[in-house]
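Undergrad: File model-v3.cif below, mmCIF, C-alpha atoms:
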data_protein
loop_
_atom_site.label_atom_id
_atom_site.label_comp_id
_atom_site.auth_asym_id
_atom_site.auth_seq_id
_atom_site.Cartn_x
_atom_site.Cartn_y
_atom_site.Cartn_z
CA MET L 411 0.00 0.00 0.00
CA ARG L 412 2.79 2.30 0.97
CA THR L 413 4.60 1.43 -2.25
CA LEU L 414 1.49 2.09 -4.30
CA ALA L 415 0.97 5.45 -2.60
CA ALA L 416 4.56 6.42 -3.28
CA GLY L 417 4.13 5.36 -6.89
CA ILE L 418 1.00 7.46 -7.28
CA LEU L 419 2.76 10.42 -5.66
CA ALA L 420 5.74 10.00 -7.94
CA LEU L 421 3.49 9.85 -11.00
CA ALA L 422 1.59 12.92 -9.85
CA LEU L 423 4.77 14.88 -9.23
CA GLY L 424 6.25 13.67 -12.45
CA GLY L 425 3.09 14.69 -14.26
CA THR L 426 3.24 18.13 -12.70
CA TRP L 427 6.85 18.52 -13.68
CA VAL L 428 6.15 17.45 -17.27
CA THR L 429 3.20 19.86 -17.50
CA ALA L 430 5.35 22.70 -16.15
CA TRP L 431 8.11 21.86 -18.62
CA GLN L 432 5.66 21.83 -21.48
CA LYS L 433 4.33 25.24 -20.43
CA GLU L 434 7.83 26.71 -20.34
CA LYS L 435 8.66 25.44 -23.79
CA PRO L 436 7.90 28.26 -26.27
CA ALA L 437 5.00 27.66 -28.60
CA PRO L 438 6.20 26.66 -32.11
CA ARG L 439 6.87 29.84 -34.10
CA LYS L 440 4.61 30.45 -37.03
CA PRO L 441 6.67 30.61 -40.26
CA VAL L 442 6.87 34.06 -41.83
CA THR L 443 6.91 34.90 -45.53
CA HIS L 444 9.42 37.60 -46.49
CA THR L 445 9.58 39.49 -49.76
CA VAL L 446 12.57 40.40 -51.88
CA THR L 447 11.73 42.81 -54.67
CA ILE L 448 13.62 42.53 -57.93
CA ASP L 449 13.76 45.90 -59.65
CA ALA L 450 16.22 47.91 -61.76
CA THR L 451 18.40 44.81 -62.07
CA SER L 452 18.91 44.46 -58.29
CA PHE L 453 17.60 42.55 -55.25
CA LYS L 454 15.96 44.71 -52.56
CA PRO L 455 16.86 44.15 -49.79
CA ALA L 456 20.16 42.65 -50.91
CA SER L 457 20.53 40.98 -47.50
CA LEU L 458 17.65 39.49 -45.54
CA THR L 459 17.66 37.64 -42.19
CA VAL L 460 14.97 35.01 -41.60
CA ALA L 461 14.28 32.13 -39.19
CA PRO L 462 14.44 28.46 -40.16
CA GLY L 463 11.13 27.47 -41.72
CA ASP L 464 10.48 30.95 -43.12
CA ALA L 465 9.81 31.48 -46.79
CA VAL L 466 11.16 34.13 -49.13
CA VAL L 467 9.21 35.27 -52.15
CA TRP L 468 11.14 37.02 -54.90
CA VAL L 469 8.84 39.37 -56.82
CA ASN L 470 10.07 40.56 -60.21
CA LYS L 471 8.91 44.16 -60.63
CA ASP L 472 11.49 44.78 -63.33
CA ILE L 473 10.83 44.89 -67.08
CA ILE L 474 13.23 42.03 -67.88
CA PRO L 475 13.53 38.42 -66.62
CA HIS L 476 15.76 37.52 -63.68
CA THR L 477 16.59 34.51 -61.49
CA ALA L 478 17.37 33.90 -57.81
CA THR L 479 19.97 31.15 -57.99
CA SER L 480 22.08 29.82 -55.12
CA ALA L 481 25.74 30.78 -55.57
CA LYS L 482 26.60 27.35 -54.18
CA GLN L 483 25.45 25.06 -56.92
CA GLY L 484 22.28 23.05 -56.49
CA LEU L 485 20.86 24.51 -53.26
CA PHE L 486 18.07 26.45 -54.93
CA ASP L 487 17.31 27.91 -58.34
CA SER L 488 14.21 29.83 -59.31
CA GLY L 489 14.74 29.39 -63.03
CA THR L 490 13.53 32.34 -65.11
CA ILE L 491 11.24 34.71 -63.19
CA ALA L 492 9.44 36.71 -65.90
CA PRO L 493 8.48 40.34 -65.28
CA GLY L 494 5.43 40.46 -62.99
CA LYS L 495 6.00 36.91 -61.74
CA SER L 496 7.38 35.64 -58.44
CA TRP L 497 9.08 32.59 -56.94
CA ARG L 498 8.93 31.19 -53.42
CA HIS L 499 11.51 29.20 -51.48
CA THR L 500 11.41 27.93 -47.88
CA PHE L 501 14.68 28.00 -45.93
CA LYS L 502 14.61 24.98 -43.62
CA SER L 503 18.03 25.05 -41.98
CA ALA L 504 20.29 27.74 -40.59
CA GLY L 505 23.13 29.18 -42.64
CA THR L 506 24.09 31.99 -44.98
CA PHE L 507 22.85 31.57 -48.50
CA ASP L 508 24.38 33.77 -51.20
CA TYR L 509 22.52 33.95 -54.47
CA VAL L 510 22.82 35.61 -57.87
CA CYS L 511 20.86 36.25 -61.03
CA ILE L 512 22.39 33.95 -63.63
CA PHE L 513 21.54 36.45 -66.38
CA HIS L 514 23.03 39.52 -64.68
CA PRO L 515 26.33 38.94 -62.86
CA THR L 516 26.07 42.32 -61.12
CA MET L 517 23.03 41.09 -59.15
CA LYS L 518 23.94 39.56 -55.80
CA GLY L 519 21.80 38.79 -52.76
CA LYS L 520 22.02 36.97 -49.45
CA THR L 521 19.61 35.22 -47.11
CA VAL L 522 20.83 34.67 -43.55
CA VAL L 523 18.86 31.93 -41.80
CA LYS L 524 19.19 31.86 -38.01
CA ASN L 525 17.13 31.28 -34.88
CA MET Q 1169 22.82 66.32 -79.30
CA LYS Q 1170 26.46 67.19 -79.44
CA LEU Q 1171 27.13 64.87 -76.54
CA VAL Q 1172 25.07 62.02 -77.96
CA ALA Q 1173 26.91 62.27 -81.24
CA PHE Q 1174 30.18 62.45 -79.37
CA ALA Q 1175 29.39 59.48 -77.16
CA LEU Q 1176 28.27 57.31 -80.03
CA ALA Q 1177 30.81 58.52 -82.57
CA PRO Q 1178 33.33 55.72 -81.94
CA LEU Q 1179 30.57 53.20 -82.57
CA VAL Q 1180 29.24 54.63 -85.78
CA LEU Q 1181 31.97 56.96 -87.03
CA TYR Q 1182 29.27 59.47 -87.83
CA PRO Q 1183 30.19 62.74 -89.55
CA ALA Q 1184 30.09 66.15 -87.93
CA ALA Q 1185 26.62 66.84 -89.38
CA ALA Q 1186 25.18 65.25 -86.24
CA TYR Q 1187 26.38 68.12 -84.04
CA THR Q 1188 23.50 70.51 -84.57
CA GLN Q 1189 20.18 69.75 -82.87
CA THR Q 1190 19.00 69.74 -79.28
CA VAL Q 1191 17.83 66.46 -77.76
CA THR Q 1192 14.10 66.37 -77.18
CA ASP Q 1193 12.18 63.58 -75.46
CA ALA Q 1194 10.85 62.51 -78.88
CA GLN Q 1195 14.43 62.17 -80.10
CA ILE Q 1196 15.52 60.37 -76.95
CA ALA Q 1197 12.65 57.93 -77.54
CA ALA Q 1198 13.89 57.22 -81.07
CA ILE Q 1199 17.47 56.80 -79.85
CA VAL Q 1200 16.40 54.36 -77.11
CA VAL Q 1201 14.19 52.27 -79.41
CA THR Q 1202 16.86 52.15 -82.14
CA ALA Q 1203 19.67 51.33 -79.71
CA ASN Q 1204 17.67 48.40 -78.35
CA GLN Q 1205 16.60 47.18 -81.79
CA VAL Q 1206 20.20 47.16 -83.00
CA ASP Q 1207 21.20 44.89 -80.13
CA ILE Q 1208 18.12 42.68 -80.59
CA ASP Q 1209 19.08 42.10 -84.24
CA ALA Q 1210 22.70 41.29 -83.35
CA GLY Q 1211 21.53 39.02 -80.50
CA LYS Q 1212 19.26 37.05 -82.84
CA LEU Q 1213 22.16 36.46 -85.17
CA ALA Q 1214 24.44 35.37 -82.29
CA ALA Q 1215 21.79 33.01 -80.91
CA SER Q 1216 21.65 31.21 -84.24
CA ARG Q 1217 25.15 31.62 -85.63
CA GLY Q 1218 27.26 31.66 -82.45
CA THR Q 1219 29.41 28.60 -81.75
CA ASN Q 1220 30.31 29.01 -78.09
CA PRO Q 1221 27.26 28.13 -75.91
CA GLU Q 1222 27.91 31.19 -73.70
CA VAL Q 1223 27.86 33.42 -76.77
CA GLN Q 1224 24.59 31.86 -77.97
CA LYS Q 1225 23.00 32.24 -74.53
CA PHE Q 1226 24.19 35.82 -74.24
CA GLY Q 1227 22.76 36.62 -77.67
CA GLN Q 1228 19.40 35.14 -76.69
CA GLN Q 1229 19.44 37.09 -73.44
CA MET Q 1230 20.14 40.33 -75.30
CA VAL Q 1231 17.07 39.64 -77.44
CA THR Q 1232 14.94 39.04 -74.32
CA ASP Q 1233 16.25 41.96 -72.26
CA HIS Q 1234 16.31 44.58 -75.00
CA GLU Q 1235 12.84 43.52 -76.19
CA GLY Q 1236 11.69 43.98 -72.57
CA VAL Q 1237 13.21 47.45 -72.44
CA ASN Q 1238 11.74 48.39 -75.81
CA LYS Q 1239 8.28 47.19 -74.85
CA SER Q 1240 8.37 49.42 -71.77
CA ALA Q 1241 9.78 52.34 -73.74
CA ILE Q 1242 7.14 52.04 -76.46
CA ASP Q 1243 4.34 51.61 -73.89
CA LEU Q 1244 5.53 54.75 -72.11
CA VAL Q 1245 5.92 57.01 -75.13
CA THR Q 1246 2.54 55.80 -76.40
CA LYS Q 1247 0.99 56.72 -73.04
CA LEU Q 1248 2.77 60.09 -73.08
CA LYS Q 1249 1.67 60.66 -76.70
CA VAL Q 1250 5.28 61.22 -77.70
CA THR Q 1251 6.08 60.14 -81.24
CA PRO Q 1252 9.67 58.91 -81.52
CA GLU Q 1253 11.45 61.30 -83.84
CA GLU Q 1254 14.26 60.02 -86.03
CA ASN Q 1255 17.40 62.10 -85.71
CA ASP Q 1256 21.03 61.96 -86.69
CA THR Q 1257 22.00 59.89 -83.66
CA SER Q 1258 19.24 57.31 -84.11
CA LYS Q 1259 20.07 57.11 -87.83
CA ALA Q 1260 23.76 56.72 -87.03
CA LEU Q 1261 22.94 53.95 -84.55
CA LYS Q 1262 20.90 52.15 -87.19
CA ALA Q 1263 23.70 52.53 -89.75
CA GLY Q 1264 26.25 51.26 -87.22
CA GLY Q 1265 24.04 48.30 -86.38
CA ASP Q 1266 23.56 47.42 -90.05
CA LYS Q 1267 27.30 47.62 -90.62
CA ASN Q 1268 27.94 45.36 -87.64
CA LEU Q 1269 25.41 42.82 -88.94
CA ALA Q 1270 27.04 42.84 -92.36
CA THR Q 1271 30.45 42.23 -90.78
CA LEU Q 1272 29.12 39.42 -88.58
CA LYS Q 1273 27.28 37.70 -91.42
CA ALA Q 1274 30.58 37.29 -93.24
CA LEU Q 1275 32.09 35.46 -90.26
CA SER Q 1276 31.61 32.06 -88.65
CA GLY Q 1277 32.95 29.91 -85.81
CA ALA Q 1278 35.32 31.43 -83.28
CA ALA Q 1279 35.85 34.53 -85.45
CA PHE Q 1280 32.11 35.25 -85.34
CA ASP Q 1281 31.95 34.74 -81.57
CA LYS Q 1282 34.87 37.09 -80.97
CA ALA Q 1283 33.60 39.81 -83.32
CA TYR Q 1284 30.10 39.67 -81.81
CA ILE Q 1285 31.29 39.83 -78.21
CA ASP Q 1286 33.89 42.54 -78.93
CA ASN Q 1287 31.14 44.67 -80.46
CA GLU Q 1288 28.80 43.97 -77.52
CA VAL Q 1289 31.43 45.26 -75.09
CA THR Q 1290 31.96 48.43 -77.13
CA TYR Q 1291 28.26 48.92 -77.79
CA HIS Q 1292 27.20 48.63 -74.15
CA GLN Q 1293 30.00 50.92 -73.00
CA GLN Q 1294 28.95 53.54 -75.54
CA VAL Q 1295 25.26 53.27 -74.74
CA LEU Q 1296 26.09 53.69 -71.03
CA ASP Q 1297 28.12 56.80 -71.86
CA ALA Q 1298 25.20 58.16 -73.88
CA LEU Q 1299 22.76 57.37 -71.03
CA ASP Q 1300 24.93 59.12 -68.46
CA LYS Q 1301 26.11 62.11 -70.47
CA THR Q 1302 23.11 62.83 -72.64
CA LEU Q 1303 19.95 60.79 -72.42
CA ILE Q 1304 19.31 60.81 -68.65
CA PRO Q 1305 20.42 64.43 -68.07
CA ASN Q 1306 18.31 65.72 -70.99
CA ALA Q 1307 15.13 63.70 -70.51
CA LYS Q 1308 12.43 66.21 -69.58
CA ASN Q 1309 9.51 63.93 -68.79
CA ALA Q 1310 9.94 62.43 -65.31
CA GLU Q 1311 8.63 58.99 -66.33
CA LEU Q 1312 10.95 58.82 -69.33
CA LYS Q 1313 13.89 59.80 -67.12
CA ALA Q 1314 12.82 57.21 -64.51
CA LEU Q 1315 12.68 54.48 -67.16
CA LEU Q 1316 16.20 55.34 -68.35
CA VAL Q 1317 17.46 55.24 -64.74
CA LYS Q 1318 15.68 51.92 -64.16
CA VAL Q 1319 17.23 50.20 -67.20
CA ARG Q 1320 20.74 51.56 -66.70
CA PRO Q 1321 21.86 48.78 -64.27
CA ALA Q 1322 20.84 46.15 -66.85
CA PHE Q 1323 23.26 47.74 -69.34
CA VAL Q 1324 25.98 47.66 -66.68
CA ALA Q 1325 25.25 43.95 -66.09
CA HIS Q 1326 25.32 43.26 -69.85
CA LEU Q 1327 28.67 45.04 -70.16
CA GLU Q 1328 30.16 43.02 -67.29
CA HIS Q 1329 28.73 39.78 -68.66
CA ALA Q 1330 30.08 40.51 -72.16
CA LYS Q 1331 33.51 41.33 -70.73
CA LYS Q 1332 33.56 38.00 -68.86
CA ILE Q 1333 32.75 36.10 -72.05
CA GLN Q 1334 35.29 38.19 -73.96
CA ALA Q 1335 38.00 37.23 -71.46
CA SER Q 1336 37.01 33.54 -71.68
CA LEU Q 1337 37.28 33.54 -75.49
CA LYS Q 1338 40.92 34.60 -75.42
#
As structure tokens, how would this structure be written, given the file I've shared?

TA:
Amino acid sequence: MRTLAAGILALALGGTWVTAWQKEKPAPRKPVTHTVTIDATSFKPASLTVAPGDAVVWVNKDIIPHTATSAKQGLFDSGTIAPGKSWRHTFKSAGTFDYVCIFHPTMKGKTVVKN
Amino acid sequence: MKLVAFALAPLVLYPAAAYTQTVTDAQIAAIVVTANQVDIDAGKLAASRGTNPEVQKFGQQMVTDHEGVNKSAIDLVTKLKVTPEENDTSKALKAGGDKNLATLKALSGAAFDKAYIDNEVTYHQQVLDALDKTLIPNAKNAELKALLVKVRPAFVAHLEHAKKIQASLK
């Protein structure tokens, strides 16, 4: 009986502790969508800081096609973004991601992903 | 006008007759449309006749970009009810473009690639000079001036891109 009571007490305390721990843990952050405007053959802003899980949408407001292509090959590549069109990419893990427009070597941008 | 003729003179070797008028928005419109069309025509030829894949791709991109610029320019001057007015500079640009096409059509292989890219470097440098010294400073309509300012960085990118290809062909 004594053992059972101790077991119940332990469970209750343990349960309380777990509940308290769960309450202290921050609620999962809702992913945010950021915008990079492409205009006058440039990315604005040229550098953007986001959290893991956030998305970036590149909106081409220029009069000619552009791309947002990872400088490190194969990470991400929008392909051609025609004038008036946009492209979305979700950054899952932390890091610094440099990108370019493959058509216009003067166009450089950066997404910094960190918590 | 004097400055436009001066800036473009190395490209077209145009005689001193060009040094007389003032540059109006209607004339700027004609210069812009002609300058783009000249590079569209050369780009089409490079896309089909070029040998190096980078040269072909660059030619195709020039067609796409300069058609984009011309569409915006024509839309704007139509909205502003400005009729592009032919002038000595636009005529000289056209003559220079025709001469370049004739030269290129006589070439093939690596010689074509080199001649096309060399001309693209010169052409974009001269158009940038004209934009900075004449077209942007003289544009009276704010929207026309804004369009010229907006497209300028694309010409800078084209020049840099052409120079990279030029260096790789050597």

Undergrad: Would you compute the distance between CA of Gln1195 (chain Q) and CA of Asp1256 (chain Q)? Give it in Å to one decimal.

TA: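 Value for the CA of Gln1195 (chain Q)-CA of Asp1256 (chain Q) distance: 9.3 Å.
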
Undergrad: Calculated over all atoms listed in the file, which of the candidates Q:Lys1212, Q:Lys1225, Q:Lys1313, Q:Lys1338 has the smallest distance to chain L?

TA: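 Nearest candidate to chain L out of Q:Lys1212, Q:Lys1225, Q:Lys1313, Q:Lys1338: Q:Lys1225.
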
Undergrad: Calculated over all atoms listed in the file, which of the candidates L:Thr443, L:Ser457, L:Thr490, L:Thr451 has the smallest distance to Tyr509 (chain L)?

TA: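 When distances to Tyr509 (chain L) are compared using all atoms listed in the file, the smallest one comes from L:Ser457.
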
Undergrad: Please list, as a PyMOL selection string, the residues that have an atom at most 9 Å away from (14.4, 40.7, -47.8) in the coordinates of this file, counting all atoms listed in the file.

TA: chain L and resi 444-447+453-460+466-468+520-521

Undergrad: For the structure provided, state which residues fall under the PyMOL selection byres ((chain Q) within 9 of (chain L)), and present them as JSON, numbers by chain.

TA: {"Q": [1226, 1229, 1232, 1233, 1234, 1235, 1236, 1237, 1239, 1240, 1317, 1318, 1319, 1320, 1321, 1322, 1324, 1325, 1326, 1328, 1329]}

Undergrad: From the list Q:Ala1310, Q:Leu1337, Q:Leu1244, Q:Leu1316, which residue is nearest Val1295 (chain Q) when using all atoms listed in the file?

TA: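 Closest residue, counting all atoms listed in the file: Q:Leu1316.
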
Undergrad: If you measure from CA of Ala1215 (chain Q) to CA of Asn1287 (chain Q), what distance in Å do you get, rounded to one decimal?

TA: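 CA of Ala1215 (chain Q) sits 15.0 Å away from CA of Asn1287 (chain Q).
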
Undergrad: When the PyMOL selection byres ((chain L and resi 479) around 10) is applied to the structure above, which residues does it catch, written out as a list in words?

TA: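 Applying the PyMOL selection byres ((chain L and resi 479) around 10) to the structure shown produces His476, Thr477, Ala478, Ser480, Ala481, Lys482, Gln483, Gly484, Leu485, Phe486, Asp487, Ser488, Gly489, Thr490, Phe507, Asp508, Tyr509, Val510, Cys511, Ile512, Lys518 and Gly519 of chain L.
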
Undergrad: Residues of the last selection are to be written out with C-alpha atoms, as a PDB file, keeping the file's coordinate frame.

TA:
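Written output follows (out-v3.pdb):
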ATOM      1  CA  HIS L 476      15.760  37.520 -63.680  1.00  0.00           C
ATOM      2  CA  THR L 477      16.590  34.510 -61.490  1.00  0.00           C
ATOM      3  CA  ALA L 478      17.370  33.900 -57.810  1.00  0.00           C
ATOM      4  CA  SER L 480      22.080  29.820 -55.120  1.00  0.00           C
ATOM      5  CA  ALA L 481      25.740  30.780 -55.570  1.00  0.00           C
ATOM      6  CA  LYS L 482      26.600  27.350 -54.180  1.00  0.00           C
ATOM      7  CA  GLN L 483      25.450  25.060 -56.920  1.00  0.00           C
ATOM      8  CA  GLY L 484      22.280  23.050 -56.490  1.00  0.00           C
ATOM      9  CA  LEU L 485      20.860  24.510 -53.260  1.00  0.00           C
ATOM     10  CA  PHE L 486      18.070  26.450 -54.930  1.00  0.00           C
ATOM     11  CA  ASP L 487      17.310  27.910 -58.340  1.00  0.00           C
ATOM     12  CA  SER L 488      14.210  29.830 -59.310  1.00  0.00           C
ATOM     13  CA  GLY L 489      14.740  29.390 -63.030  1.00  0.00           C
ATOM     14  CA  THR L 490      13.530  32.340 -65.110  1.00  0.00           C
ATOM     15  CA  PHE L 507      22.850  31.570 -48.500  1.00  0.00           C
ATOM     16  CA  ASP L 508      24.380  33.770 -51.200  1.00  0.00           C
ATOM     17  CA  TYR L 509      22.520  33.950 -54.470  1.00  0.00           C
ATOM     18  CA  VAL L 510      22.820  35.610 -57.870  1.00  0.00           C
ATOM     19  CA  CYS L 511      20.860  36.250 -61.030  1.00  0.00           C
ATOM     20  CA  ILE L 512      22.390  33.950 -63.630  1.00  0.00           C
ATOM     21  CA  LYS L 518      23.940  39.560 -55.800  1.00  0.00           C
ATOM     22  CA  GLY L 519      21.800  38.790 -52.760  1.00  0.00           C
TER      23      GLY L 519
END

Undergrad: Once 5 Å is added on each side, what centre and edge lengths in Å to one decimal does the axis-aligned box around all listed atoms of region 1239-1258 of chain Q have, as JSON?

TA:
{"center_x": 11.5, "center_y": 54.6, "center_z": -79.2, "size_x": 31.0, "size_y": 24.9, "size_z": 24.9}

Undergrad: What gap, in Å, lies between CA of Ala1307 (chain Q) and CA of Asp1266 (chain Q)?

TA: 26.8 Å

Undergrad: Taking the file above as input, evaluate the PyMOL selection byres ((chain Q and resi 1275-1281) around 8) and report the hits as a PyMOL selection string.

TA: chain Q and resi 1214+1217-1220+1223+1271-1274+1282-1285
